[in-house]
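Take a look at the structure set out below.
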Number of protein chains: 2
Amino acid sequence: MSLVVQKYGGTSIRDIERIKAVAHRCLATQQKGHDLVVVLSAMAGETNRLLELAGQITNSPEPREMDMLISTGEQVSISLLAITIQALGGKARSFLADQMGMRTDNLYGKARILSVDDKKVRKALEDGEVVIVAGFQGVDAEGNITTLGRGGSDTTAVALAAALHADVCEIYTDVDGIYTTDPSLCADAKKIKRIAYEEMMELASLGAKILQVRSVEFGMNYGVPIHVRSSFEEREGSWVIPEEVSMEKVRVRGVACDLKAAKITIRGVPDIPGVAAKIFRPLAGAGINVDVIIQNVSEGGVTDVTFTVSREDLELARTISQEIVETMAAQGTRVDERVAKVSLVGVGMRSHAGVAAQAFDALAEANINIQMISTSEIKISCVVAEDDAPLAVQVLHGAFHLGSAEAAK
Amino acid sequence: MSLVVQKYGGTSIRDIERIKAVAHRCLATQQKGHDLVVVLSAMAGETNRLLELAGQITNSPEPREMDMLISTGEQVSISLLAITIQALGGKARSFLADQMGMRTDNLYGKARILSVDDKKVRKALEDGEVVIVAGFQGVDAEGNITTLGRGGSDTTAVALAAALHADVCEIYTDVDGIYTTDPSLCADAKKIKRIAYEEMMELASLGAKILQVRSVEFGMNYGVPIHVRSSFEEREGSWVIPEEVSMEKVRVRGVACDLKAAKITIRGVPDIPGVAAKIFRPLAGAGINVDVIIQNVSEGGVTDVTFTVSREDLELARTISQEIVETMAAQGTRVDERVAKVSLVGVGMRSHAGVAAQAFDALAEANINIQMISTSEIKISCVVAEDDAPLAVQVLHGAFHLGSAEAAK
């Protein structure tokens with residue numbers, strides 16, 4: 001007898017037929033003797049339908065009202081699943097964020113979970129109910145509805161699993177696990193059986209869309225095993241778990257690829273102290289996440305500063321960069337809208353030297369120009385031209401034998 | 001400077017264009033110096049879309065989960081209107097039932113309002129915000145979402161107007177007021193300028209769909225003037241207000257027609273004390289509202305008992321009636337699925353004798369057979385064949401000169 005938290009994404013409940021399939025899986029889990037908490041996203045397409053309605057009004061709606069609007073998607077899902085389980089003869093009860101004490105701060109649209117009050121959920125579990133929780137949403141101290149950002153239902157699920165000391169948090173999605181790289185870019189990508197939280201956090205923040213970064217962080221901080229698997233089959237998926245000694249044997253766990261990057265260079269910046277702050281403070285103030293940064297060697301008292309941003313932030317970043325050029329009397333900006341970031345991730349890098357050199361060699365052999373490099377203890381990122389990215393992924397995947405059976409362990 | 005509550009029905013906010021029109025009306029009201037609270041229904045079609053989703057699962061969903069499901073419709077409306085008003089430069093804030101303390105009992109699907117906590121609303125009004133409230137929904141003592149039944153947004157609006165001591169509660173709908181009868185049945189129906197709460201309650205419970213009965217009851221109990229008007233024009237509509245002396249001069253205020261009635265006769269019932277209870281207790285227990293009841297003169301120790309029910313309750317009522325026949329050793333049932341109830345309503349009936357006789361004469365002259373009669377202090381109802389109903393409405397409307405300018409006062 002254990003406590004299981006299951007999270008189903010939008011494609012797993014896209015219509016009533018699929019909701020019925022999920023209901024059957026819930027009842028089967030319960031019949032095996034487990035207590036079950038289910039976290040749901042909105043039905044596929046629903047959140048976009050609501051965004052589109054708001055988009056007919058304005059491009060900059062007030063965030064509190066947007067959260068009020070889009071949180072309805074999950075409310076529809078949870079009631080429909082409860083009705084389905086009940087119609088099949090089971091016991092179920094749906095909970096909104098405020099009904100189960102999912103408290104967050106009040107950063108609408110990207111709120112962070114502060115605390116979970118598990119009393120009502122535990123009571124319902126004692127009564128033998130399948131507890132069905134609206135993902136993605138929270139409630140602030142004033143009782144306003146907040147949302148946790150795209151993919152936030154993953155975080156709801158792992159946070160709940162942590163609060164309830166669940167034995168596992170199962171994330172059901174439309175793929176059957178976490179792969180050594182994106183299979184659409186590299187045909188011999190392999191499903192990974194076990195991956196460390198830190199590796200998964202890097203992969204998630206580097207472009208792998210399978211789990212929200214915050215959810216992995218919660219899992220790591222509270223030691224919740226996360227099992228990513230398909231809602232369309234019974235096979236095991238991938239486990240995200242604490243780092244194990246054996247994991248260090250593998251130098252590279254996976255290759256991530258972010259195809260949606262853009263690069264901005266501010267040219268001819270006076271090379272004096274405080275310059276970096278003058279450039280990056282206004283960008284941060286506008287909510288723009290700057291990723292890789294390089295500064296060229298100074299020539300004649302001026303230097304070039306180059307950085308990458310997400311392509312959706314590009315227009316805003318371009319405008320701010322031009323203002324920066326004027327303020328600093330720099331020479332101008334240069335923008336490349338079509339770059340990609342290819343990254344290697346693995347806790348084994350800590351104990352294996354030469355991973356970076358081997359990666360650069362492999363890319364050079366394939367005639368791929370590396371525009372920017374950024375490294376951390378367990379990752380190496382290279383910015384390349386967007387058109388080179390698929391080949392770069394394949395080359396790196398091959399160079400570290402990620403298509404082998406060993407890599408999938 | 002006064003406090004105005006405005007309620008907009010689903011057709012008034014059926015798409016973003018109409019929501020924009022409502023937003024302009026809200027801002028115009030505010031610019032006249034009024035404090036404004038707006039209560040919204042779901043966008044036209046939305047509640048049916050949600051009901052249809054649940055209908056794909058089961059015909060008898062658990063009521064708690066249905067309320068969780070369908071209350072999302074109003075949540076979408078209020079956030080979209082708030083976003084629209086803000087985009088136009090105004091200040092607005094949306095409130096769900098639990099956020100503004102709209103407490104009800106826990107009769108899901110037909111909950112009754114117990115109390116309204118107006119603190120948050122008053123605070124928002126002081127801040128100059130248009131307060132936008134989700135109609136139709138409430139929250140019980142446990143924090144579960146409840147709904148008030150079809151048309152419940154009217155009741156939300158009037159209850160809020162009562163709690164806030166509003167100067168007026170304006171009900172915006174797709175017709176421009178309350179008519180002496182249904183204009184689709186009678187071409188010379190006239191819009192009524194002023195109608196007493198009691199008259200409106202009778203008309204609403206007799207088939208006029210323009211206001212939920214409970215909302216009129218709230219208005220009467222708390223003295224809230226209700227102004228029913230069109231969201232598509234500026235003209236005054238109809239006022240529902242306390243009875244005035246001048247109203248008694250008008251013998252009949254309006255003619256209501258319920259085309260969705262059905263008639264059941266239980267034949268050969270033993271004519272002994274306690275019979276009526278044996279018949280109507282099981283029907284009430286099944287949640288069936290029995291309307292007009294007549295019992296024939298006893299012949300040979302047995303009698304016939306006839307009653308009408310809403311046509312949507314007919315199948316259930318038929319089944320229960322057959323069980324009653326067996327329990328009581330009665331002779332059988334007879335069902336007429338196609339009857340209608342035509343009713344005259346007016347506080348003037350209290351002081352004018354002969355209204356009933358004049359009505360029966362008029363129907364007789366038109367060769368319309370009256371199957372059942374039911375009267376109260378301010379109404380006379382006749383059950384007739386469904387096919388006779390339109391003519392009956394016209395005949396009665398004419399007999400009491402309801403097409404005259406005098407009737408519309």
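Chains: A, B, ... in order of the structure tokens. Residues: from 1 per chain. Ligands: from 1, in order shown.
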Given only C-alpha atoms, how would the per-residue table for chain A near chain B read, listing every residue at most 6 Å away with its closest atom pair and distance in Å to one decimal, sorted by chain and number, as a Markdown table?
```
| residue | atom | partner | partner_atom | distance |
| --- | --- | --- | --- | --- |
| A:Pro61 | CA | B:Ile83 | CA | 5.7 |
| A:Glu65 | CA | B:Ser79 | CA | 5.1 |
| A:Met68 | CA | B:Ser79 | CA | 6.0 |
| A:Leu69 | CA | B:Val76 | CA | 5.2 |
| A:Thr72 | CA | B:Thr72 | CA | 5.6 |
| A:Val76 | CA | B:Leu69 | CA | 5.2 |
| A:Ser79 | CA | B:Glu65 | CA | 5.1 |
| A:Ile83 | CA | B:Pro61 | CA | 5.7 |
```
Long-range neighbours of stretch 220-234 of chain B as a JSON list (two decimals) with N, CA and C atoms, in the first residue's frame, 10 Å cut-off, only C-alpha atoms, 6 positions minimum in chain:
```
[["chain", "number", "residue", "atom", "x", "y", "z"],
["B", 5, "VAL", "N", -26.30, 48.09, -9.52],
["B", 5, "VAL", "CA", -25.91, 46.71, -9.87],
["B", 5, "VAL", "C", -26.49, 46.42, -11.24],
["B", 6, "GLN", "N", -25.63, 45.96, -12.15],
["B", 6, "GLN", "CA", -26.09, 45.61, -13.50],
["B", 6, "GLN", "C", -25.83, 44.13, -13.73],
["B", 7, "LYS", "N", -26.81, 43.43, -14.27],
["B", 7, "LYS", "CA", -26.60, 42.02, -14.61],
["B", 7, "LYS", "C", -26.80, 41.85, -16.11],
["B", 8, "TYR", "N", -25.81, 41.18, -16.73],
["B", 8, "TYR", "CA", -25.90, 40.93, -18.17],
["B", 8, "TYR", "C", -26.03, 39.43, -18.42],
["B", 9, "GLY", "N", -27.03, 39.06, -19.19],
["B", 9, "GLY", "CA", -27.25, 37.65, -19.53],
["B", 9, "GLY", "C", -26.33, 37.19, -20.65],
["B", 11, "THR", "N", -26.69, 36.25, -23.78],
["B", 11, "THR", "CA", -26.75, 36.79, -25.14],
["B", 11, "THR", "C", -26.13, 38.18, -25.20],
["B", 12, "SER", "N", -26.11, 38.89, -24.07],
["B", 12, "SER", "CA", -25.52, 40.23, -24.04],
["B", 12, "SER", "C", -24.00, 40.19, -24.10],
["B", 13, "ILE", "N", -23.41, 39.00, -23.86],
["B", 13, "ILE", "CA", -21.95, 38.86, -23.87],
["B", 13, "ILE", "C", -21.55, 37.64, -24.68],
["B", 18, "ARG", "N", -19.63, 41.90, -28.29],
["B", 18, "ARG", "CA", -20.68, 42.30, -27.34],
["B", 18, "ARG", "C", -20.09, 42.59, -25.97],
["B", 21, "ALA", "N", -19.08, 46.05, -26.03],
["B", 21, "ALA", "CA", -20.22, 46.97, -25.90],
["B", 21, "ALA", "C", -20.62, 47.09, -24.43],
["B", 22, "VAL", "N", -20.61, 45.96, -23.72],
["B", 22, "VAL", "CA", -20.95, 45.99, -22.29],
["B", 22, "VAL", "C", -19.91, 46.81, -21.53],
["B", 25, "ARG", "N", -20.64, 50.38, -21.85],
["B", 25, "ARG", "CA", -21.78, 50.76, -21.05],
["B", 25, "ARG", "C", -21.39, 50.89, -19.57],
["B", 154, "ASP", "N", -29.61, 36.20, -12.11],
["B", 154, "ASP", "CA", -30.56, 37.23, -11.68],
["B", 154, "ASP", "C", -30.57, 37.32, -10.15],
["B", 157, "ALA", "N", -27.52, 38.89, -8.69],
["B", 157, "ALA", "CA", -27.54, 40.34, -8.85],
["B", 157, "ALA", "C", -28.44, 41.00, -7.82],
["B", 158, "VAL", "N", -29.64, 40.48, -7.64],
["B", 158, "VAL", "CA", -30.57, 41.13, -6.72],
["B", 158, "VAL", "C", -30.11, 40.94, -5.28],
["B", 159, "ALA", "N", -29.55, 39.76, -4.98],
["B", 159, "ALA", "CA", -29.05, 39.53, -3.61],
["B", 159, "ALA", "C", -27.91, 40.49, -3.29],
["B", 160, "LEU", "N", -27.03, 40.68, -4.27],
["B", 160, "LEU", "CA", -25.93, 41.63, -4.08],
["B", 160, "LEU", "C", -26.46, 43.05, -3.93],
["B", 161, "ALA", "N", -27.43, 43.40, -4.76],
["B", 161, "ALA", "CA", -28.03, 44.75, -4.67],
["B", 161, "ALA", "C", -28.63, 44.94, -3.28],
["B", 162, "ALA", "N", -29.25, 43.88, -2.75],
["B", 162, "ALA", "CA", -29.85, 43.98, -1.42],
["B", 162, "ALA", "C", -28.75, 44.17, -0.37],
["B", 163, "ALA", "N", -27.70, 43.34, -0.46],
["B", 163, "ALA", "CA", -26.64, 43.41, 0.55],
["B", 163, "ALA", "C", -25.94, 44.77, 0.53],
["B", 165, "HIS", "N", -27.31, 47.57, -0.47],
["B", 165, "HIS", "CA", -28.31, 48.64, -0.45],
["B", 165, "HIS", "C", -28.20, 49.47, -1.73],
["B", 166, "ALA", "N", -28.11, 48.79, -2.85],
["B", 166, "ALA", "CA", -27.99, 49.48, -4.14],
["B", 166, "ALA", "C", -29.27, 50.25, -4.44],
["B", 167, "ASP", "N", -29.13, 51.28, -5.24],
["B", 167, "ASP", "CA", -30.29, 52.08, -5.60],
["B", 167, "ASP", "C", -31.15, 51.39, -6.62],
["B", 168, "VAL", "N", -30.51, 50.58, -7.46],
["B", 168, "VAL", "CA", -31.28, 49.86, -8.48],
["B", 168, "VAL", "C", -30.49, 48.63, -8.91],
["B", 169, "CYS", "N", -31.23, 47.59, -9.30],
["B", 169, "CYS", "CA", -30.61, 46.42, -9.92],
["B", 169, "CYS", "C", -31.12, 46.35, -11.35],
["B", 170, "GLU", "N", -30.22, 46.57, -12.30],
["B", 170, "GLU", "CA", -30.61, 46.55, -13.71],
["B", 170, "GLU", "C", -30.33, 45.18, -14.31],
["B", 171, "ILE", "N", -31.36, 44.57, -14.87],
["B", 171, "ILE", "CA", -31.19, 43.26, -15.50],
["B", 171, "ILE", "C", -31.19, 43.46, -17.01],
["B", 172, "TYR", "N", -30.00, 43.32, -17.63],
["B", 172, "TYR", "CA", -29.89, 43.50, -19.08],
["B", 172, "TYR", "C", -30.09, 42.17, -19.77],
["B", 173, "THR", "N", -30.95, 42.16, -20.78],
["B", 173, "THR", "CA", -31.26, 40.92, -21.45],
["B", 173, "THR", "C", -31.47, 41.20, -22.94],
["B", 174, "ASP", "N", -31.93, 40.18, -23.69],
["B", 174, "ASP", "CA", -32.07, 40.39, -25.13],
["B", 174, "ASP", "C", -33.47, 40.88, -25.51],
["B", 175, "VAL", "N", -34.35, 41.10, -24.53],
["B", 175, "VAL", "CA", -35.63, 41.75, -24.81],
["B", 175, "VAL", "C", -35.64, 43.06, -24.04],
["B", 176, "ASP", "N", -36.55, 43.96, -24.40],
["B", 176, "ASP", "CA", -36.44, 45.30, -23.83],
["B", 176, "ASP", "C", -37.33, 45.53, -22.63],
["B", 177, "GLY", "N", -37.91, 44.43, -22.09],
["B", 177, "GLY", "CA", -38.72, 44.61, -20.88],
["B", 177, "GLY", "C", -39.67, 43.44, -20.69],
["B", 178, "ILE", "N", -40.62, 43.66, -19.78],
["B", 178, "ILE", "CA", -41.61, 42.64, -19.46],
["B", 178, "ILE", "C", -42.89, 43.00, -20.22],
["B", 193, "LYS", "N", -44.63, 49.16, -18.06],
["B", 193, "LYS", "CA", -43.68, 50.10, -17.45],
["B", 193, "LYS", "C", -43.35, 49.75, -16.01],
["B", 194, "ARG", "N", -44.40, 49.43, -15.26],
["B", 194, "ARG", "CA", -44.23, 49.18, -13.83],
["B", 194, "ARG", "C", -45.07, 47.97, -13.44],
["B", 195, "ILE", "N", -44.45, 47.06, -12.68],
["B", 195, "ILE", "CA", -45.16, 45.86, -12.27],
["B", 195, "ILE", "C", -44.77, 45.59, -10.82],
["B", 196, "ALA", "N", -45.72, 45.08, -10.04],
["B", 196, "ALA", "CA", -45.46, 44.81, -8.62],
["B", 196, "ALA", "C", -44.67, 43.50, -8.47],
["B", 197, "TYR", "N", -43.84, 43.44, -7.43],
["B", 197, "TYR", "CA", -43.06, 42.22, -7.19],
["B", 197, "TYR", "C", -43.94, 40.96, -7.22],
["B", 198, "GLU", "N", -45.09, 41.05, -6.53],
["B", 198, "GLU", "CA", -45.94, 39.86, -6.44],
["B", 198, "GLU", "C", -46.42, 39.41, -7.81],
["B", 201, "MET", "N", -43.53, 37.80, -9.57],
["B", 201, "MET", "CA", -43.26, 36.45, -9.05],
["B", 201, "MET", "C", -44.22, 35.44, -9.64],
["B", 210, "ILE", "N", -38.31, 35.63, -18.01],
["B", 210, "ILE", "CA", -37.45, 36.81, -18.01],
["B", 210, "ILE", "C", -36.67, 37.01, -16.72],
["B", 211, "LEU", "N", -37.19, 36.56, -15.60],
["B", 211, "LEU", "CA", -36.48, 36.68, -14.32],
["B", 211, "LEU", "C", -36.66, 35.39, -13.53],
["B", 214, "ARG", "N", -36.74, 33.41, -7.69],
["B", 214, "ARG", "CA", -36.02, 33.72, -6.46],
["B", 214, "ARG", "C", -35.49, 35.15, -6.45],
["B", 240, "VAL", "N", -39.70, 46.57, -11.82],
["B", 240, "VAL", "CA", -40.38, 45.70, -10.86],
["B", 240, "VAL", "C", -40.19, 46.33, -9.50],
["B", 241, "ILE", "N", -41.30, 46.73, -8.87],
["B", 241, "ILE", "CA", -41.23, 47.60, -7.69],
["B", 241, "ILE", "C", -42.31, 47.22, -6.69],
["B", 242, "PRO", "N", -42.30, 47.82, -5.51],
["B", 242, "PRO", "CA", -43.37, 47.51, -4.55],
["B", 242, "PRO", "C", -44.74, 47.90, -5.11],
["B", 243, "GLU", "N", -45.75, 47.18, -4.67],
["B", 243, "GLU", "CA", -47.11, 47.46, -5.12],
["B", 243, "GLU", "C", -47.50, 48.89, -4.75]]
```
Test item: residues at most 9 Å from B:Tyr179, only C-alpha atoms, excluding those fewer than 5 positions along its chain, as a list of chain:residue names:
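Non-adjacent residues within range: B:Ala189, B:Lys190, B:Lys191, B:Ile192, B:Lys193, B:Ser238, B:Gly254, B:Val255, B:Ala408.
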Requested write-out: C-alpha atoms of the selected residues, as an mmCIF file, in the first residue's frame:
```cif
data_model
loop_
_atom_site.group_PDB
_atom_site.id
_atom_site.type_symbol
_atom_site.label_atom_id
_atom_site.label_comp_id
_atom_site.auth_asym_id
_atom_site.auth_seq_id
_atom_site.Cartn_x
_atom_site.Cartn_y
_atom_site.Cartn_z
ATOM 1 C CA ALA B 189 -48.557 42.448 -26.425
ATOM 2 C CA LYS B 190 -47.459 45.671 -24.722
ATOM 3 C CA LYS B 191 -44.366 46.421 -22.697
ATOM 4 C CA ILE B 192 -45.250 47.037 -19.046
ATOM 5 C CA LYS B 193 -43.680 50.104 -17.455
ATOM 6 C CA SER B 238 -39.764 47.612 -17.185
ATOM 7 C CA GLY B 254 -50.371 40.064 -17.812
ATOM 8 C CA VAL B 255 -51.100 36.684 -19.322
ATOM 9 C CA ALA B 408 -48.619 49.309 -20.307
#
```
Between A:Phe136, A:His24, A:Thr155, A:Val121, which is the closest to A:Gly10 once you count only C-alpha atoms?
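Using only C-alpha atoms, the shortest distance to A:Gly10 belongs to A:Phe136.
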Apply DSSP to the structure's backbone, then extract all residues of stretch 152-346 of chain A labelled helix (DSSP H, G or I) and return them as a ChimeraX atom specification.
/A:152-163,197-205,213-222,245-249,275-285,311-328
Show me, as number ranges by chain, the residues that have an atom within 10 Å of B:Asn289 when counting only C-alpha atoms, minus same-chain residues fewer than 6 positions from it.
B: 280, 283, 308-310, 313, 317
Dump C-alpha atoms for the selected residues as a PDB file, in the first residue's frame?
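File out02.pdb, as written:
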```pdb
ATOM      1  CA  PHE B 280     -48.090  13.217  -3.639  1.00  0.00           C
ATOM      2  CA  LEU B 283     -43.806  12.384  -6.232  1.00  0.00           C
ATOM      3  CA  THR B 308     -50.035  18.504 -13.949  1.00  0.00           C
ATOM      4  CA  VAL B 309     -46.244  18.305 -14.001  1.00  0.00           C
ATOM      5  CA  SER B 310     -43.530  19.881 -16.088  1.00  0.00           C
ATOM      6  CA  ASP B 313     -40.522  15.383 -15.323  1.00  0.00           C
ATOM      7  CA  ALA B 317     -43.844  11.002 -12.828  1.00  0.00           C
TER       8      ALA B 317
END
```
Run DSSP on the backbone of this structure and report the residues of stretch 187-358 of chain A it assigns to strand (DSSP E or B), as a ChimeraX atom specification.
/A:191,194-196,226-230,238-241,254-270,290-295,299,302-310,332-345
In Å, rounded to a single decimal, give me how far atom CA of A:Ile266 is from atom CA of A:Glu386.
20.6 Å
Would you work out the distance separating atom CA of B:Gly403 from atom CA of B:Thr180, expressed in Å to one decimal?
7.8 Å
